[in-house]
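I have placed the structure first, in the form of C-alpha cells, so that the comments after it can refer back to it.
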Amino acid sequence: MNKQQLATKIWESANKMRSKIEANEYKDYILGFIFYKFLSDKEVRDMQSDRATFEDIRHLREEDIEIVQHIQGNIGYFIAYKDLFSTWLSMGKDFDVSNVRDALSAFNRLIDSNYKKVFGNIFETLQTGLSKLGESAGSQTKAISDLIQLIKDIPMDGKQDYDVLGFIYEYLISNFAANAGKKAGEFYTPHEVSLLMSEIVADHLKDRKEIQIYDPTSGSGSLLINIGRSVARHMDNENNIKYYAQELKQNTYNLTRMNLVMRGILPSNITTRNGDTLEDDWPYFEDNDPVGTYNPLYVDAVVSNPPYSQQWDPEDKGADPRYARFGLAPKGKADYAFLLYDLYHIKPDGIMAIVLPHGVLFRGGEEGAIRKNLIENNHIDVVIGLPANIFFGTGIPTIIMVLKQKRANTDVLIIDASKGFTKVGKNNMLKASDIKRISDTVAARKEVSKFARVVSRDEIRKNEYNLNIPRYVDSSEAPESWDIYASMFGGIPKTEIEELSAYWQTFPELKMDLFTNDPGEHVHIAEGNVKDIIKNHPNVAVFKEHYARAFEGFDAELYRDLVAGVNTLNISKEETKLSAEIFKRLVSVPLVDEYHAYQLLNDAWIKIAVDLEMIQTEGFKVTKQVDPNLVIKKKNGNDVEVQEGWLGRIIPFDLVQETLLHAEATALKEKEERLTQVTAGQQEILDSLTEEEKGDLADVLNDDNTAFLANPLNKIAKELLKGHDAADYTEDSLEGKIITVMNLLDEEKELKKTIKTDSDKLHGLTKETIEALTDEQVCALLALKWITPLITELRKMPEVILDQLAARVQSLADKYAVTFADVEKEIEETEASLSSMIEGLTGSEADRKGLAELKILLGGA
C-alpha cells in the first residue's frame, strides 16, 4: 500500500468517525490500534519462526506460565490468543468493545519486567478514550470494528520506503489541526528536513562502532528514527545504536515509543521519558537504586525540532549547568534554552542539530548575548537557512543550526538553501537533490557562489555577532539590466553574451557561429534557427560523445548490482554507492549538474527499493506472483471492497504485454484506436449538420447535441429509406449521413464487444504468463522496469542543457530585437493613422473643436 492509498483509507475512516470523536483525537485511536496489531502480529511471527503450529498459537493462555515467560523473554510482552488482533477479526459479530478493554488491560499486566519502560502504559491514551467512541457498548463496538477493518490492510512490517506511523500522524494533523484550532505541526518534523539533519549527523559519526543519539522533544519519533537509519548505513551492526527520547505530552510520548519499536529497534536499545525537557532533565536515576541507575547522559548526537519561541520559566535556572555557561533565554522565547540543553548533552566529540525560527540568528537582548558566547566559545559550526512554508502550521522561515563541543576551526559555514525546493500543495518541500547538495556542502565545508560561505569569526564580530544569512550569502538573482546602445540601435552587448561563458568554454566555436563578428561592443545573432545551429554544431556533437562515454557500461553495472545481485545487495547502502558512481562518471563532463543526475537516480530508486525489499523479504518467487486488484465501490449505500482483475506483485501487467505479449497487445490497441476513430467519425458528421438537419434529427440527438442515439436513429432511417436503396443517396445528403452514422454505430457496438472480450482474454493471459515466467525472463523484465527508465532519463540530460542554452540565446536576441527607434516609428505611424481618421469625422461645433485639439496632440497640423 503506497502513501496515497493509505491516505485515502484513513480519510474515509476519519470521516465516518467525525460524529463520534474530536477530529484531532482520531489519530490517537488509529495509531494505537495500528501498534497493537503490530505487536500482535510480531508475537505470531516470532512463534512461527520458533516452529509453533497454528494449534500451538490457538492454545496461548495467560495461565501457561512457562510459555508466557518464554515469549516475554523473546519479545518483552505476551498476548493471549483470545486477545490477538487476528482473533478479533475472526470473531465477526461476536466481537465486542470488552474484548479490547480486556486485551489492553492484560497487555499492561503481562509486560516483562525488563521492558516496562518501553511498553508500560503505552496504550493508556487508547484505553481511556474507548468510551468516547459511542454512548453505548454497541456503538463503541461498531466504531472499533470499522477501525480494525481499516487497519488490517495497513503495512507495518517496517519495510516501506516511508515512516508509516509518522506519515499517518502528519496526514491527520494536516487535515484536522485547523478544525481542532491547534498548531499541532510543531510536533512533526517533515521527512525531508529530518533526512537532511540525518545526513549531516551521520557523516560526523560514520567511523564509530557504537553510537548514542537523543531527541529531547521527540514528538512522533520520526526525526530520531531517520537519524538512526542514516547512521546505520555507515555501520556493520545497526543494533549498536542506542536511542534516547523525551517528550512532554503523554499521547505523543506513547507515539514515540510505538514508532521506535515498529521500526525494528531492539527494546533494549530504547530509553524514553515522559517529561518536561527544560524542567525535568537527565541526569536521572531510579528511586529504588539511585547510585546504580544514575545516568548523566552524554551522547554522540542530539537532534531536535522543539516548539518555536515557547514560553518557559528561567527562574532559578542561573546555576543550572545546562545554561550557566552561556546565559538564560528570555521568558517569552525558549529557543536558546532548547539549544543549550542539546549542547550540554553531547560528548566532547559529539554533534547536535536543531531546527529553530530564523529569529535566533539576529534577535538581541539575552539571545544576542547567548549567541555571542556560543560564537566566542567556538560552538556554532553550521547555519542552514531553509525554504519558507516547509513546516505544516507555520510559514515562518526556519533554520538548522549545527553545533559541536570541540572544533578545530573557528569559522562558521553559512548556507542559504531557501531557494531549493519543490511545491507540494500549499507547502514547499526539499527535493532529494536539495538535501544532497546541502549535506555535501556541509561535509566538504566548501564555498558555493550564491549558496554557501565559510565566514570567519572576525567578520562575525564586525557584524556584532549577527548571523542573519543575507549578511553573508547573497542568493538573490541579479536584476536584469538593459544596454542603452542596444536598446536604441539594436544588436546584442558582448558583455551579456559573456554571461554564458560556462557554455562558451565547452563550445568555443559555437559562439563564433551563433553571433556575427562585428567590431565594437555589440554583435548580432547569426542567420538561421538558433536551436538548429546549436543542436547540429560539431562542438555539441563532441560534448554528446563525451557524455555518452562517461556512462558507458553503467547499464551493465546496474544489472550486475540490482538484478544479478538482487538477493544479496545491501539495500540501505546501494543508493549511496550508485550516487557515488554517477558523481565519479560526471567529474570530467562540463555543464552537467551532478545533483540533477542524482535526483533522477533517487526518483528511480524510490520505486526500485520497494521491489527489492519485497524480493529479499518474500523470496525471488514473489516476482512471479499476482495479487487481486481490490477497489472500493458503493453497494447498497456502503463502501465495499471488490476485486477488479489482477496486479503483478513486482512485474507490471503492461510491461509483460509490451514485451512477451506484444502481438496480442498490439492487436487490441489497434481495435481501441479504431473505436476512437469511429466515435470521432460520428462526431464529425454531427458537426457537419446544418441547423435545419439538426431540427429534422432532434429525436435522435442526446440532450446536449454531442452524440447520436442509436435506436431512434434506426427508426428514422427506416422511414427515410423506405422504398430506396442506400446507393441512391450521396454521402453529403442527410440520408447519406444517416446511413454512414448507422454503419459507424454498428461498428462501434461490435468493436466494444470485441475489445471487452479481447481485453479480458489478454488480462488472463498476462496473469498466466507472469505466473509461468522463467528466472531469465524475470531478470530481463526487472532490467526493463528498473534500469531502462533511469538510463533513458540520464541520456536526456545533454538535451536539457542544450535546450537551456538555446532558450537563453534566443532570449538575448528577442530582448534587443525591437529598438526604441522601432517603437518611435510605430508610434508615429499610429498617430498619423489616427489623424487621418479624424479628418473624416463630423459632429457638432464642440465635437469638431475637440477633434482638432486631439489632432494637434497627435502631431497633426
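Letters for chains follow the order of the C-alpha cells (A, B, ...), residue numbers begin at 1 for each chain, and ligand numbers begin at 1 in the order shown.
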Margin query: Write out as a ChimeraX atom specification the set of residues from stretch 171-358 of chain A that DSSP, computed on the backbone, places in helix (DSSP H, G or I).
Written below: /A:171-180,184-187,191-205,222-232,238-240,250-262,267-269,335-344,358
Check: Do you know which residues are at most 12 Å from stretch 544-554 of chain A counting only C-alpha atoms, after dropping those on the same chain fewer than 2 positions away, and could you put them as a ChimeraX atom specification?
Finding: /A:506-507,535-542,556-562,578-579,581-592,597,787-788,790-792,794-802
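For stretch 508-742 of chain A, a DSSP pass over the backbone yields strand (DSSP E) at His522, Val523, Val626, Asp627, Pro628, Asn629, Leu630, Val631, Ile632, Lys633, Lys634, Lys635, Asn638, Asp639, Val640, Glu641, Val642, Gln643, Glu644, Gly645, Trp646, Leu647 and Gly648 of chain A.
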Output N, CA, C and O atoms for every residue in the selection just made, as an mmCIF file, in the first residue's frame.
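Wrote part_18.cif, looks like this:
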data_model
loop_
_atom_site.group_PDB
_atom_site.id
_atom_site.type_symbol
_atom_site.label_atom_id
_atom_site.label_comp_id
_atom_site.auth_asym_id
_atom_site.auth_seq_id
_atom_site.Cartn_x
_atom_site.Cartn_y
_atom_site.Cartn_z
ATOM 1 N N HIS A 522 29.127 45.423 -29.605
ATOM 2 C CA HIS A 522 27.849 44.774 -29.878
ATOM 3 C C HIS A 522 27.945 43.895 -31.121
ATOM 4 O O HIS A 522 28.673 44.211 -32.057
ATOM 5 N N VAL A 523 27.187 42.805 -31.110
ATOM 6 C CA VAL A 523 27.135 41.897 -32.257
ATOM 7 C C VAL A 523 25.675 41.582 -32.554
ATOM 8 O O VAL A 523 24.770 42.015 -31.834
ATOM 9 N N VAL A 626 0.894 -12.734 -8.631
ATOM 10 C CA VAL A 626 -0.093 -11.692 -8.920
ATOM 11 C C VAL A 626 -1.038 -11.595 -7.729
ATOM 12 O O VAL A 626 -1.283 -12.574 -7.021
ATOM 13 N N ASP A 627 -1.554 -10.402 -7.514
ATOM 14 C CA ASP A 627 -2.468 -10.154 -6.395
ATOM 15 C C ASP A 627 -3.803 -9.659 -6.922
ATOM 16 O O ASP A 627 -3.864 -9.032 -7.996
ATOM 17 N N PRO A 628 -4.879 -9.897 -6.182
ATOM 18 C CA PRO A 628 -6.169 -9.319 -6.580
ATOM 19 C C PRO A 628 -6.094 -7.795 -6.590
ATOM 20 O O PRO A 628 -5.492 -7.192 -5.691
ATOM 21 N N ASN A 629 -6.666 -7.183 -7.600
ATOM 22 C CA ASN A 629 -6.741 -5.723 -7.666
ATOM 23 C C ASN A 629 -8.032 -5.294 -6.961
ATOM 24 O O ASN A 629 -9.121 -5.393 -7.527
ATOM 25 N N LEU A 630 -7.904 -4.873 -5.707
ATOM 26 C CA LEU A 630 -9.076 -4.546 -4.891
ATOM 27 C C LEU A 630 -9.374 -3.057 -4.964
ATOM 28 O O LEU A 630 -8.490 -2.222 -4.795
ATOM 29 N N VAL A 631 -10.631 -2.738 -5.236
ATOM 30 C CA VAL A 631 -11.059 -1.345 -5.320
ATOM 31 C C VAL A 631 -12.300 -1.156 -4.446
ATOM 32 O O VAL A 631 -13.010 -2.115 -4.131
ATOM 33 N N ILE A 632 -12.527 0.086 -4.048
ATOM 34 C CA ILE A 632 -13.699 0.419 -3.227
ATOM 35 C C ILE A 632 -14.850 0.831 -4.143
ATOM 36 O O ILE A 632 -14.690 1.713 -4.991
ATOM 37 N N LYS A 633 -16.007 0.194 -3.948
ATOM 38 C CA LYS A 633 -17.190 0.555 -4.724
ATOM 39 C C LYS A 633 -18.397 0.666 -3.799
ATOM 40 O O LYS A 633 -18.419 0.087 -2.717
ATOM 41 N N LYS A 634 -19.385 1.420 -4.264
ATOM 42 C CA LYS A 634 -20.608 1.587 -3.491
ATOM 43 C C LYS A 634 -21.538 0.402 -3.730
ATOM 44 O O LYS A 634 -21.749 -0.020 -4.868
ATOM 45 N N LYS A 635 -22.063 -0.154 -2.640
ATOM 46 C CA LYS A 635 -23.044 -1.223 -2.743
ATOM 47 C C LYS A 635 -24.069 -1.019 -1.634
ATOM 48 O O LYS A 635 -23.735 -1.045 -0.446
ATOM 49 N N ASN A 638 -23.147 1.547 0.858
ATOM 50 C CA ASN A 638 -21.941 1.335 1.669
ATOM 51 C C ASN A 638 -20.726 1.129 0.770
ATOM 52 O O ASN A 638 -20.835 0.645 -0.353
ATOM 53 N N ASP A 639 -19.560 1.500 1.299
ATOM 54 C CA ASP A 639 -18.315 1.244 0.591
ATOM 55 C C ASP A 639 -17.914 -0.201 0.817
ATOM 56 O O ASP A 639 -17.781 -0.647 1.964
ATOM 57 N N VAL A 640 -17.740 -0.929 -0.267
ATOM 58 C CA VAL A 640 -17.314 -2.329 -0.156
ATOM 59 C C VAL A 640 -16.102 -2.546 -1.051
ATOM 60 O O VAL A 640 -15.941 -1.882 -2.080
ATOM 61 N N GLU A 641 -15.253 -3.456 -0.640
ATOM 62 C CA GLU A 641 -14.047 -3.775 -1.390
ATOM 63 C C GLU A 641 -14.355 -4.920 -2.355
ATOM 64 O O GLU A 641 -14.809 -5.989 -1.927
ATOM 65 N N VAL A 642 -14.121 -4.688 -3.640
ATOM 66 C CA VAL A 642 -14.387 -5.719 -4.641
ATOM 67 C C VAL A 642 -13.141 -5.893 -5.507
ATOM 68 O O VAL A 642 -12.321 -4.982 -5.635
ATOM 69 N N GLN A 643 -13.041 -7.057 -6.111
ATOM 70 C CA GLN A 643 -11.886 -7.331 -6.970
ATOM 71 C C GLN A 643 -12.184 -6.950 -8.410
ATOM 72 O O GLN A 643 -13.224 -7.264 -8.954
ATOM 73 N N GLU A 644 -11.231 -6.217 -8.992
ATOM 74 C CA GLU A 644 -11.288 -5.894 -10.415
ATOM 75 C C GLU A 644 -10.005 -6.401 -11.066
ATOM 76 O O GLU A 644 -9.027 -5.680 -11.202
ATOM 77 N N GLY A 645 -9.983 -7.644 -11.409
ATOM 78 C CA GLY A 645 -8.824 -8.211 -12.084
ATOM 79 C C GLY A 645 -7.652 -8.461 -11.147
ATOM 80 O O GLY A 645 -7.822 -8.667 -9.934
ATOM 81 N N TRP A 646 -6.438 -8.379 -11.739
ATOM 82 C CA TRP A 646 -5.223 -8.745 -11.012
ATOM 83 C C TRP A 646 -4.130 -7.712 -11.237
ATOM 84 O O TRP A 646 -4.173 -6.949 -12.196
ATOM 85 N N LEU A 647 -3.155 -7.717 -10.326
ATOM 86 C CA LEU A 647 -1.979 -6.859 -10.429
ATOM 87 C C LEU A 647 -0.737 -7.701 -10.176
ATOM 88 O O LEU A 647 -0.743 -8.569 -9.299
ATOM 89 N N GLY A 648 0.315 -7.452 -10.915
ATOM 90 C CA GLY A 648 1.575 -8.130 -10.640
ATOM 91 C C GLY A 648 2.182 -7.601 -9.349
ATOM 92 O O GLY A 648 2.231 -6.386 -9.145
#
Item checked: Atom pair atom CA of A:Phe391 / atom CA of A:Leu430: separation (Å) -> 11.0 Å
Notebook entry, point to check: Smallest atom-to-atom distance to A:Asn468: which of A:Glu613, A:Val261, A:Gly365, A:His358, using only C-alpha atoms?
Noted result: A:His358
